[in-house]
Number of protein chains: 2
Amino acid sequence: MTEGKYARIPSSLKPAGTHSSELLKIERQKASFDSDQMSVYLHGKDQLDKEAELVNILENDPSGAFDKSKWNYMGRADKFRHALKKDKRLSQLAREHDWDRETTIRAEALCDLPGPFGLHRSMFISTIENMGTDEQKEKWLGPALRYEIIGCYAQTELGHGSNVQGLETLAVYDEEKQEYDLHSPTMTASKWWIGGLGRTATHAVVMAQLVLKGKRVGPHPFIVPIRDPVTREPLPGVYVGDIGPKAGYNTTDNGYMLFDHVKIPHLNQLSRFAKVDPETAQYTPPQNSALTYGTMTWVRAGIVRNARTVLMRSVTVAVRYCAIRRQFADRDAPKFEGSKPIETQVLDYTMVQARIFPILAKAFAFHYTAKYMYELYEANMECINKGDLGLLAETHASSSGLKALCTIEAADAIEVCRRACGGHGYSAACGLPTFYNDFLPQVTWEGDSYMLSQQTSRFLLKQMRALNKNPDDMPKSFIADYMRHYKKNKGFKSDVQFSGDLYDPMWFVKAFGYRAAWLVEQTLELRDGPAKRSWNSILPELYRCSKAHSQALVIYNFAMAILHDEDLNSKPALRTVMQQLFLLYAIHTMESEAAEFLSCGYLQPNQYRLLSNKTQELFAVIRPQAVPLVDSFAISDFLLNSTLGARDGNVYEGLFKHALDEPLNSTRWNVDINDLETLDMDENASIPRAKL
Amino acid sequence: MTEGKYARIPSSLKPAGTHSSELLKIERQKASFDSDQMSVYLHGKDQLDKEAELVNILENDPSGAFDKSKWNYMGRADKFRHALKKDKRLSQLAREHDWDRETTIRAEALCDLPGPFGLHRSMFISTIENMGTDEQKEKWLGPALRYEIIGCYAQTELGHGSNVQGLETLAVYDEEKQEYDLHSPTMTASKWWIGGLGRTATHAVVMAQLVLKGKRVGPHPFIVPIRDPVTREPLPGVYVGDIGPKAGYNTTDNGYMLFDHVKIPHLNQLSRFAKVDPETAQYTPPQNSALTYGTMTWVRAGIVRNARTVLMRSVTVAVRYCAIRRQFADRDAPKFEGSKPIETQVLDYTMVQARIFPILAKAFAFHYTAKYMYELYEANMECINKGDLGLLAETHASSSGLKALCTIEAADAIEVCRRACGGHGYSAACGLPTFYNDFLPQVTWEGDSYMLSQQTSRFLLKQMRALNKNPDDMPKSFIADYMRHYKKNKGFKSDVQFSGDLYDPMWFVKAFGYRAAWLVEQTLELRDGPAKRSWNSILPELYRCSKAHSQALVIYNFAMAILHDEDLNSKPALRTVMQQLFLLYAIHTMESEAAEFLSCGYLQPNQYRLLSNKTQELFAVIRPQAVPLVDSFAISDFLLNSTLGARDGNVYEGLFKHALDEPLNSTRWNVDINDLETLDMDENASIPRAKL
């Protein structure tokens, strides 16, 4: 065990009782299925091997750029520099090992340290690829891929987030000089939150209001050189810097930027779609935005898959540590070790199970929905490329709602798991506190999750209107189907009588579809009915519609896997535990939304009580499988970076290591007191003279 | 505007549109009541004056110990030293100005920087006062009050939190030598999380298992000298240090401590209640624990009042900033400034109102319940001193449930308010991120809020059993009354038909009492009925009972104020807005717990829909009063320490100041790049040579 220069502990000491690593071994022996087989089913052997290989490379890299053991002790500047080093080293490794982009993204995810090259690798490069002409790609893409220039994506402004149309930065074209004049007319026009801009980027993709012959034609992307690549000095007219500390993400130099009439050539307007004639300043608008929406779905599929991984990671920490931590002897049936009462594993408390087991089940639920979204994306792109935009609207609607649902529930899950770890969940050694703070932006960016759901519900209202007009010639689709089913079965009361009746996945699929359709009908009535309520006045109802629809979709995808996934159904052990997990997710979600199921009449009070009793049963069934299940998520210790959640369960030794590495413990004991003396206290109050 | 040594901005720039400070002025003109009068009603003139005086002293203190402007940029060690300086200076001021303890506590709260003297001022001193003999007070209390010794309170151990009986640290008495041998037999026996222990404390109150003639008689408090007061070196046999970084609270040196057979004299066992005869080692047990429970109520009353202040503080930030921030033009009725569409104030969006207005109302609800708890504490202590323990059980039960409810809801509220601030809510300049991380321990300490509620529900079950036995000779009390009312009106269906019917506060009082009693009856049936369910298996139900009871209590206290508070009723303007706030709190709480109100049959589906419509109405009523209402909370800018929530509304200037003060902005631009070069990259990848 390492020791702080001054703080020490007797080396002979061991934790009391059965060692925590033993406890996890015992838990693993309870498995009713092969957790390695489950890992392969979830992630695929290739992916697991690739991940293991990456972890091996990163953990053993001599540069120390991927060493996570000092993170918690670093101040902001050191953290940032460490992340810069990691990003630079990662780009070397990517070249050495000839990683494709997906592999590089995965390696970056394993590093789990958002750094200054992040936006260069994603938005800067992809924007040039998607919106640049061949000439523009020639000029900037190569150097960017070789890291000869580092870029960022500058859209958000101090005064303007989601509302891109409201951006203030101007790009005024001068057809004489054939150049653009970039200017920030106000303080709120300052670019803000731009990752990599604060200290690092030499170039920026800047979203600015294109002005032609004095007329605004809306925001367009421009490539703007902003720093001297050697001295890193801002170029003339460019005011740039770091925006300062944040709740998390302090390893990234999010920056601000103002322009004082900066000139860039005509070539720098990314003009694959929207063109400006250099001589006449004639504007050619972009073709339809189908592709843009397509890409958005891909980004959101990534966000949903990420939310799945967040759940897997958080609940791995909570389940493993709660299997180790003991608190109080059982009230009804105390156990003994000799004469000493043995305290109960915290994981045995139903109040703990009620908080973390639903998250365990939800991780599987989101897993199937993420898979579905990638399939949806592929299918949609195929159609778009055939010029068929039939799938576009529903794809966009569903991906918006799922982005909102999954990011909000993932953020909450991290905190629920952290609290389930009790006092030690508050230690940085738990890993979840930092993780939570770094994850939070997901709820807000890519469309604020509380506002974004309007995209979903707007489409849901449209569908209901169409259905009301002409139920039959509406094309088949998930939404149309559950709405039609609702219309046909209006006023339906579920006939579930026994808890056994709940074992039909389709019962839940129908119930969630019915509730979603009912909410949409209610909300449509407010909007189109005699009340003619304003859009703003029904936003909370619209949010509920989007949430209900998204939950119906998650339930549907999970149910389809239970019913039709051959890979799963050919493995009885996996299938059995997966059915229990489906039931837990479905019942728990129905319970937490019960007010709507009850008030639409689908569910009766006695059935609601049936649900709560069933969850109790399920907790008992899941309990012995909890540790094997989180093992099957195959979150490597390197990514987990948690003393409480480590696979080997050496919790208490780890907490002491975390303590002894604290820099405060390696300064002379009275150094802080000496600092104090500088306050020159009066005699009485000055540092103790008392005899002991 | 200050400027980073390298980062700059053009000084001439102003934010676009109406200045944010103007927007707040306009909001304040909408007030239907005098917000100063409301402040006086809420806090009392004396308290407001005292607070203003304290803020004035702290803000203008020349030592710089209370300067908050650099916090966000400090690393852990600097933060800790700053807090140490602040604590030392605070103790000087307390003496200079002859502050009583309550004033000192308030000054400390204003500093809002948990420091190493915190536990010395509270637990160390109060434990000696409450549990020490005159001789012991003589020896340690004086020096402690004069800060000649600094103490901490060492109870929690690495392996033992809530379960005090399970503590492992041993105190074995040797009647020959008349001394105790303090020893830590295992690693998990290490004291852990002890505030002030890591670097600062010279003495500790140590909770250890008292062992007499080889027999354990349970945990008792001992005074243990642990460090040389001058060198701060640990004394022989004491192993002590800081436990390392945490989610928050990094300004406090939470520490660990292990004993290797440390000897302390007989005198050091705090023996006002439990005594050990020095010669015979004869043990005299403490008298009944009534007083301990009394003190617990006082601590929890403080926690509830604190939760109230947390709500006030968070919602002040969210409301003020959302009144300033604009996003999108209104879909139905866009406004214009000349030809430019004006974006809507975020506070006008019902989806934002639905998230933060209930918190605004809840702040008032918790305010009245905190008042009630202090009254309850007084009444209870009076009884106890008369030897009447009649109030004790119910007081303890209610304070436990309220501690759980209020800490959980306060923590959630901070995060809801932070998210409502959109992107900038993620900046440290918002103030809420740090605040959230520092508040979190409240949910876990003083009894984990998810487990503590058992104390409440155990008593509720008892009461229901007694009521079943003999309804009539049960003494009158809040609980007995609503349980009796439930029994008499079992199967009652509410007859509310019109939204106007909701204006009777007693309707909500009855409804919440009915639902609580119904839940308790259901749960009692599980425990005592044929199922004979184990205590552990009904923990989630017990949690619901405690929550329902606590909410009923909060509703009751708020309703009583509306109906009977003369001070309020003599001020029509205050009374009117307070009635709206009561209605919003009551309806919103009922909506979020609707599943239970619906399934106990008290509420019908159509009435549930009546509630949602009514909340919409209330949002519109509260909207123009939102800024005046948060003003009335009178949270000083010094405490608020938030750029987004500052009273003057200079948000954007503040965000730039926060950015330019970032230390990264005052290092030479290419310094990070130079760091990079140390990675010695191959030519291609080395930092850009590309022409611009």
# chains A, B, ... in the order shown; residues from 1 in each chain; ligands from 1
>>> residues_around(residues="range 60-69 of chain B", least_positions_apart="3", cutoff="7 Å", atoms="only C-alpha atoms", output="PyMOL selection string")
chain B and resi 56-57+82+85-86+89+111
>>> write_last_selection(atoms="N, CA and C atoms", output="PDB file, in the first residue's frame")
ATOM      1  N   ASN B  56     -22.349  42.738   5.907  1.00  0.00           N
ATOM      2  CA  ASN B  56     -21.518  43.938   5.810  1.00  0.00           C
ATOM      3  C   ASN B  56     -20.138  43.695   6.426  1.00  0.00           C
ATOM      4  N   ILE B  57     -20.113  43.089   7.610  1.00  0.00           N
ATOM      5  CA  ILE B  57     -18.831  42.801   8.271  1.00  0.00           C
ATOM      6  C   ILE B  57     -17.984  41.864   7.419  1.00  0.00           C
ATOM      7  N   HIS B  82      -7.779  27.973   2.298  1.00  0.00           N
ATOM      8  CA  HIS B  82      -8.637  29.161   2.329  1.00  0.00           C
ATOM      9  C   HIS B  82      -9.719  28.993   3.395  1.00  0.00           C
ATOM     10  N   LYS B  85      -8.288  29.448   6.853  1.00  0.00           N
ATOM     11  CA  LYS B  85      -8.103  30.883   7.118  1.00  0.00           C
ATOM     12  C   LYS B  85      -9.437  31.523   7.495  1.00  0.00           C
ATOM     13  N   LYS B  86     -10.470  31.169   6.742  1.00  0.00           N
ATOM     14  CA  LYS B  86     -11.803  31.703   7.001  1.00  0.00           C
ATOM     15  C   LYS B  86     -12.288  31.302   8.398  1.00  0.00           C
ATOM     16  N   ARG B  89     -10.333  33.260  11.041  1.00  0.00           N
ATOM     17  CA  ARG B  89     -10.746  34.666  11.053  1.00  0.00           C
ATOM     18  C   ARG B  89     -12.135  34.810  11.664  1.00  0.00           C
ATOM     19  N   CYS B 111     -20.882  32.420   5.061  1.00  0.00           N
ATOM     20  CA  CYS B 111     -19.595  32.148   4.403  1.00  0.00           C
ATOM     21  C   CYS B 111     -19.740  31.002   3.414  1.00  0.00           C
TER      22      CYS B 111
END
>>> closest_residue(among="A:Asn650, A:Thr284, A:Gln616, A:Asn385", to="Leu539 in chain B", atoms="only C-alpha atoms")
A:Gln616
>>> select_by_dssp(residues="range 291-476 of chain B", states="alpha helix (DSSP H)", output="PyMOL selection string")
chain B and resi 291-324+350-385+392-420+432-439+441-444+449-469
>>> residues_around(residues="range 220-222 of chain B", least_positions_apart="3", cutoff="6 Å", atoms="only C-alpha atoms", output="PyMOL selection string")
chain B and resi 205-208+268-270
>>> write_last_selection(atoms="C-alpha atoms", output="PDB file, in the first residue's frame")
ATOM      1  CA  VAL B 205     -14.419  12.876  20.884  1.00  0.00           C
ATOM      2  CA  VAL B 206     -14.058   9.193  19.988  1.00  0.00           C
ATOM      3  CA  MET B 207     -17.022   6.816  20.068  1.00  0.00           C
ATOM      4  CA  ALA B 208     -15.607   3.437  21.107  1.00  0.00           C
ATOM      5  CA  ASN B 268     -11.395  11.075  29.596  1.00  0.00           C
ATOM      6  CA  GLN B 269     -14.583   8.994  29.452  1.00  0.00           C
ATOM      7  CA  LEU B 270     -17.397  11.562  29.253  1.00  0.00           C
TER       8      LEU B 270
END
>>> residues_around(residues="range 392-403 of chain A", least_positions_apart="4", cutoff="8 Å", atoms="only C-alpha atoms", output="PyMOL selection string")
chain A and resi 290+293-294+296-297+300-301+303-304+373+376-377+380+384+407+449+452-453+455-457+459+546-547+549-550
>>> closest_residue(among="B:Thr523, B:Ser427, B:Gln282, B:Thr576", to="chain A", atoms="only C-alpha atoms")
B:Ser427
>>> atom_distance(atom1="CA of Pro334 in chain A", atom2="CA of Val164 in chain B")
16.8 Å
>>> closest_residue(among="B:Tyr514, B:Val520, B:Ala7, B:Leu603", to="Val238 in chain A", atoms="only C-alpha atoms")
B:Ala7
>>> closest_residue(among="B:Ala586, B:Ala333, B:Ile359, B:Leu519", to="Arg609 in chain A", atoms="only C-alpha atoms")
B:Leu519
>>> residues_around(residues="Met464 in chain A", least_positions_apart="4", cutoff="8 Å", atoms="only C-alpha atoms", output="PyMOL selection string")
chain A and resi 460+468+483+520-521+524
>>> residues_around(residues="Arg515 in chain A", least_positions_apart="3", cutoff="8 Å", atoms="only C-alpha atoms", output="PDB file with N, CA, C and O atoms, in the first residue's frame")
ATOM      1  N   ALA A 511     -50.603  -1.958 -23.432  1.00  0.00           N
ATOM      2  CA  ALA A 511     -50.934  -0.982 -22.381  1.00  0.00           C
ATOM      3  C   ALA A 511     -50.191   0.339 -22.603  1.00  0.00           C
ATOM      4  O   ALA A 511     -50.788   1.418 -22.553  1.00  0.00           O
ATOM      5  N   PHE A 512     -48.878   0.260 -22.896  1.00  0.00           N
ATOM      6  CA  PHE A 512     -48.096   1.491 -23.069  1.00  0.00           C
ATOM      7  C   PHE A 512     -48.522   2.233 -24.334  1.00  0.00           C
ATOM      8  O   PHE A 512     -48.547   3.472 -24.362  1.00  0.00           O
ATOM      9  N   TRP A 518     -53.832   7.703 -25.699  1.00  0.00           N
ATOM     10  CA  TRP A 518     -54.816   8.429 -24.882  1.00  0.00           C
ATOM     11  C   TRP A 518     -54.305   9.831 -24.542  1.00  0.00           C
ATOM     12  O   TRP A 518     -55.016  10.825 -24.699  1.00  0.00           O
ATOM     13  N   LEU A 519     -53.034   9.917 -24.141  1.00  0.00           N
ATOM     14  CA  LEU A 519     -52.457  11.217 -23.810  1.00  0.00           C
ATOM     15  C   LEU A 519     -52.457  12.135 -25.029  1.00  0.00           C
ATOM     16  O   LEU A 519     -52.803  13.314 -24.941  1.00  0.00           O
ATOM     17  N   ALA A 548     -44.384   9.337 -22.870  1.00  0.00           N
ATOM     18  CA  ALA A 548     -45.200   8.119 -22.970  1.00  0.00           C
ATOM     19  C   ALA A 548     -44.873   7.361 -24.263  1.00  0.00           C
ATOM     20  O   ALA A 548     -44.739   6.139 -24.255  1.00  0.00           O
ATOM     21  N   GLU A 596     -51.265   7.906 -14.831  1.00  0.00           N
ATOM     22  CA  GLU A 596     -51.843   7.988 -16.182  1.00  0.00           C
ATOM     23  C   GLU A 596     -52.547   6.693 -16.566  1.00  0.00           C
ATOM     24  O   GLU A 596     -53.631   6.717 -17.161  1.00  0.00           O
ATOM     25  N   PHE A 597     -51.955   5.552 -16.201  1.00  0.00           N
ATOM     26  CA  PHE A 597     -52.611   4.270 -16.516  1.00  0.00           C
ATOM     27  C   PHE A 597     -53.940   4.147 -15.769  1.00  0.00           C
ATOM     28  O   PHE A 597     -54.918   3.610 -16.286  1.00  0.00           O
ATOM     29  N   CYS A 600     -56.538   6.855 -17.302  1.00  0.00           N
ATOM     30  CA  CYS A 600     -57.106   6.553 -18.626  1.00  0.00           C
ATOM     31  C   CYS A 600     -57.994   5.313 -18.530  1.00  0.00           C
ATOM     32  O   CYS A 600     -58.591   4.881 -19.517  1.00  0.00           O
ATOM     33  N   TYR A 602     -57.311   2.256 -18.114  1.00  0.00           N
ATOM     34  CA  TYR A 602     -56.782   0.980 -18.588  1.00  0.00           C
ATOM     35  C   TYR A 602     -56.478   0.071 -17.404  1.00  0.00           C
ATOM     36  O   TYR A 602     -56.685  -1.129 -17.450  1.00  0.00           O
TER      37      TYR A 602
END
>>> residues_around(residues="Ala361 in chain A", least_positions_apart="5", cutoff="8 Å", atoms="only C-alpha atoms", output="MDAnalysis selection string")
chainID A and resid 581:582 584:585
>>> write_last_selection(atoms="N, CA and C atoms", output="tab-separated table (two decimals), in the first residue's frame")
chain	number	residue	atom	x	y	z
A	581	LEU	N	-36.06	-9.60	-16.21
A	581	LEU	CA	-35.63	-8.20	-16.30
A	581	LEU	C	-36.65	-7.38	-17.08
A	582	PHE	N	-37.19	-7.98	-18.14
A	582	PHE	CA	-38.24	-7.28	-18.88
A	582	PHE	C	-39.41	-6.96	-17.97
A	584	LEU	N	-39.51	-6.75	-14.75
A	584	LEU	CA	-39.18	-5.74	-13.75
A	584	LEU	C	-39.21	-4.35	-14.38
A	585	TYR	N	-38.59	-4.21	-15.56
A	585	TYR	CA	-38.58	-2.89	-16.20
A	585	TYR	C	-40.00	-2.44	-16.51
>>> closest_residue(among="A:Ser190, A:Asn489, A:Asn130, A:Asn470", to="chain B", atoms="only C-alpha atoms")
A:Ser190
>>> closest_residue(among="B:Glu591, B:Glu148, B:Glu343, B:Asp112", to="chain A", atoms="only C-alpha atoms")
B:Glu148
>>> atom_distance(atom1="CA of Lys50 in chain B", atom2="CA of Gly431 in chain B")
24.3 Å
>>> atom_distance(atom1="CA of Ser91 in chain A", atom2="CA of Thr295 in chain A")
24.7 Å
>>> select_by_dssp(residues="range 162-261 of chain B", states="strand (DSSP E or B)", output="compact mmCIF listing (two decimals) with N, CA and C atoms, in the first residue's frame")
# COMPACT_ATOMS: atom_id res chain seq x y z
N LEU B 170 -12.11 -0.13 20.10
CA LEU B 170 -12.24 -0.62 21.47
C LEU B 170 -11.65 0.36 22.48
N ALA B 171 -12.31 0.47 23.63
CA ALA B 171 -11.77 1.20 24.78
C ALA B 171 -11.80 0.26 25.97
N VAL B 172 -10.67 -0.43 26.22
CA VAL B 172 -10.61 -1.44 27.28
C VAL B 172 -10.08 -0.79 28.57
N TYR B 173 -10.86 -0.90 29.64
CA TYR B 173 -10.46 -0.25 30.89
C TYR B 173 -9.54 -1.15 31.72
N ASP B 174 -8.48 -0.55 32.26
CA ASP B 174 -7.56 -1.26 33.14
C ASP B 174 -7.67 -0.66 34.54
N GLU B 179 -6.71 3.42 33.53
CA GLU B 179 -6.69 4.10 32.22
C GLU B 179 -7.36 3.22 31.17
N TYR B 180 -7.73 3.86 30.07
CA TYR B 180 -8.36 3.14 28.96
C TYR B 180 -7.31 2.87 27.89
N ASP B 181 -7.43 1.71 27.25
CA ASP B 181 -6.57 1.38 26.12
C ASP B 181 -7.42 1.46 24.86
N LEU B 182 -7.17 2.48 24.04
CA LEU B 182 -7.92 2.65 22.79
C LEU B 182 -7.21 1.91 21.68
N HIS B 183 -7.97 1.06 20.97
CA HIS B 183 -7.32 0.24 19.94
C HIS B 183 -8.25 0.00 18.75
N LYS B 191 -11.55 5.15 12.03
CA LYS B 191 -12.49 6.27 11.97
C LYS B 191 -12.38 6.85 10.57
N TRP B 192 -13.48 7.34 10.00
CA TRP B 192 -13.49 7.76 8.60
C TRP B 192 -14.52 8.87 8.44
N TRP B 193 -14.29 9.80 7.53
CA TRP B 193 -15.21 10.92 7.25
C TRP B 193 -15.21 11.97 8.35
N ILE B 194 -14.30 11.90 9.30
CA ILE B 194 -14.39 12.81 10.45
C ILE B 194 -13.92 14.22 10.08
N HIS B 203 -7.67 17.35 19.32
CA HIS B 203 -8.41 16.42 20.18
C HIS B 203 -9.59 15.84 19.41
N ALA B 204 -10.05 14.68 19.86
CA ALA B 204 -11.23 14.08 19.26
C ALA B 204 -12.16 13.52 20.33
N VAL B 205 -13.47 13.69 20.14
CA VAL B 205 -14.42 12.88 20.88
C VAL B 205 -14.54 11.58 20.08
N VAL B 206 -14.08 10.48 20.68
CA VAL B 206 -14.06 9.19 19.99
C VAL B 206 -15.16 8.29 20.54
N MET B 207 -16.05 7.82 19.66
CA MET B 207 -17.02 6.82 20.07
C MET B 207 -16.36 5.46 19.96
N ALA B 208 -16.27 4.75 21.10
CA ALA B 208 -15.61 3.44 21.11
C ALA B 208 -16.38 2.46 21.99
N GLN B 209 -16.22 1.19 21.70
CA GLN B 209 -16.87 0.13 22.49
C GLN B 209 -16.20 0.07 23.86
N LEU B 210 -16.95 0.40 24.89
CA LEU B 210 -16.42 0.34 26.25
C LEU B 210 -16.35 -1.12 26.69
N VAL B 211 -15.14 -1.56 27.12
CA VAL B 211 -14.96 -2.94 27.57
C VAL B 211 -14.52 -2.95 29.03
N LEU B 212 -15.34 -3.56 29.91
CA LEU B 212 -15.06 -3.60 31.35
C LEU B 212 -14.93 -5.06 31.77
N LYS B 215 -15.93 -7.49 29.31
CA LYS B 215 -17.30 -7.47 28.79
C LYS B 215 -17.59 -6.15 28.06
N ARG B 216 -18.16 -6.25 26.83
CA ARG B 216 -18.54 -5.06 26.08
C ARG B 216 -19.81 -4.45 26.66
N VAL B 217 -19.81 -3.15 26.89
CA VAL B 217 -21.06 -2.52 27.35
C VAL B 217 -21.54 -1.47 26.34
N GLY B 218 -21.08 -1.57 25.09
CA GLY B 218 -21.59 -0.69 24.03
C GLY B 218 -20.77 0.57 23.83
N PRO B 219 -21.05 1.33 22.74
CA PRO B 219 -20.27 2.52 22.39
C PRO B 219 -20.46 3.67 23.38
N HIS B 220 -19.36 4.29 23.75
CA HIS B 220 -19.37 5.46 24.63
C HIS B 220 -18.38 6.49 24.11
N PRO B 221 -18.59 7.78 24.43
CA PRO B 221 -17.69 8.84 23.97
C PRO B 221 -16.50 9.07 24.91
N PHE B 222 -15.30 9.20 24.32
CA PHE B 222 -14.07 9.49 25.07
C PHE B 222 -13.37 10.70 24.46
N ILE B 223 -12.70 11.47 25.32
CA ILE B 223 -11.89 12.58 24.82
C ILE B 223 -10.46 12.08 24.62
N VAL B 224 -9.96 12.19 23.38
CA VAL B 224 -8.63 11.66 23.08
C VAL B 224 -7.76 12.75 22.45
N PRO B 225 -6.63 13.10 23.14
CA PRO B 225 -5.65 14.00 22.51
C PRO B 225 -4.98 13.25 21.37
N ARG B 227 -2.99 15.06 18.56
CA ARG B 227 -1.86 15.71 17.90
C ARG B 227 -1.14 16.64 18.86
N PRO B 234 1.12 13.68 14.83
CA PRO B 234 0.25 12.76 15.57
C PRO B 234 0.97 12.24 16.80
N VAL B 238 -1.12 7.02 17.35
CA VAL B 238 -2.24 7.58 16.58
C VAL B 238 -1.85 7.65 15.10
N TYR B 239 -2.61 7.00 14.24
CA TYR B 239 -2.40 7.06 12.79
C TYR B 239 -3.53 7.88 12.19
N VAL B 240 -3.21 9.02 11.60
CA VAL B 240 -4.25 9.94 11.19
C VAL B 240 -3.88 10.62 9.87
N GLY B 241 -4.89 10.97 9.08
CA GLY B 241 -4.65 11.68 7.83
C GLY B 241 -5.96 12.09 7.17
N ASP B 242 -5.84 12.77 6.04
CA ASP B 242 -7.01 13.21 5.28
C ASP B 242 -7.49 12.06 4.38
N LYS B 246 -13.44 14.53 -2.46
CA LYS B 246 -14.84 14.10 -2.40
C LYS B 246 -15.65 14.82 -3.47
N GLY B 255 -11.17 13.23 7.85
CA GLY B 255 -10.00 12.41 8.11
C GLY B 255 -10.31 10.99 8.53
N TYR B 256 -9.23 10.19 8.57
CA TYR B 256 -9.30 8.83 9.10
C TYR B 256 -8.42 8.77 10.35
N MET B 257 -8.63 7.77 11.21
CA MET B 257 -7.78 7.62 12.39
C MET B 257 -7.81 6.19 12.90
N LEU B 258 -6.62 5.65 13.15
CA LEU B 258 -6.47 4.32 13.73
C LEU B 258 -5.67 4.45 15.02
N PHE B 259 -6.01 3.63 16.02
CA PHE B 259 -5.28 3.64 17.29
C PHE B 259 -4.50 2.34 17.47
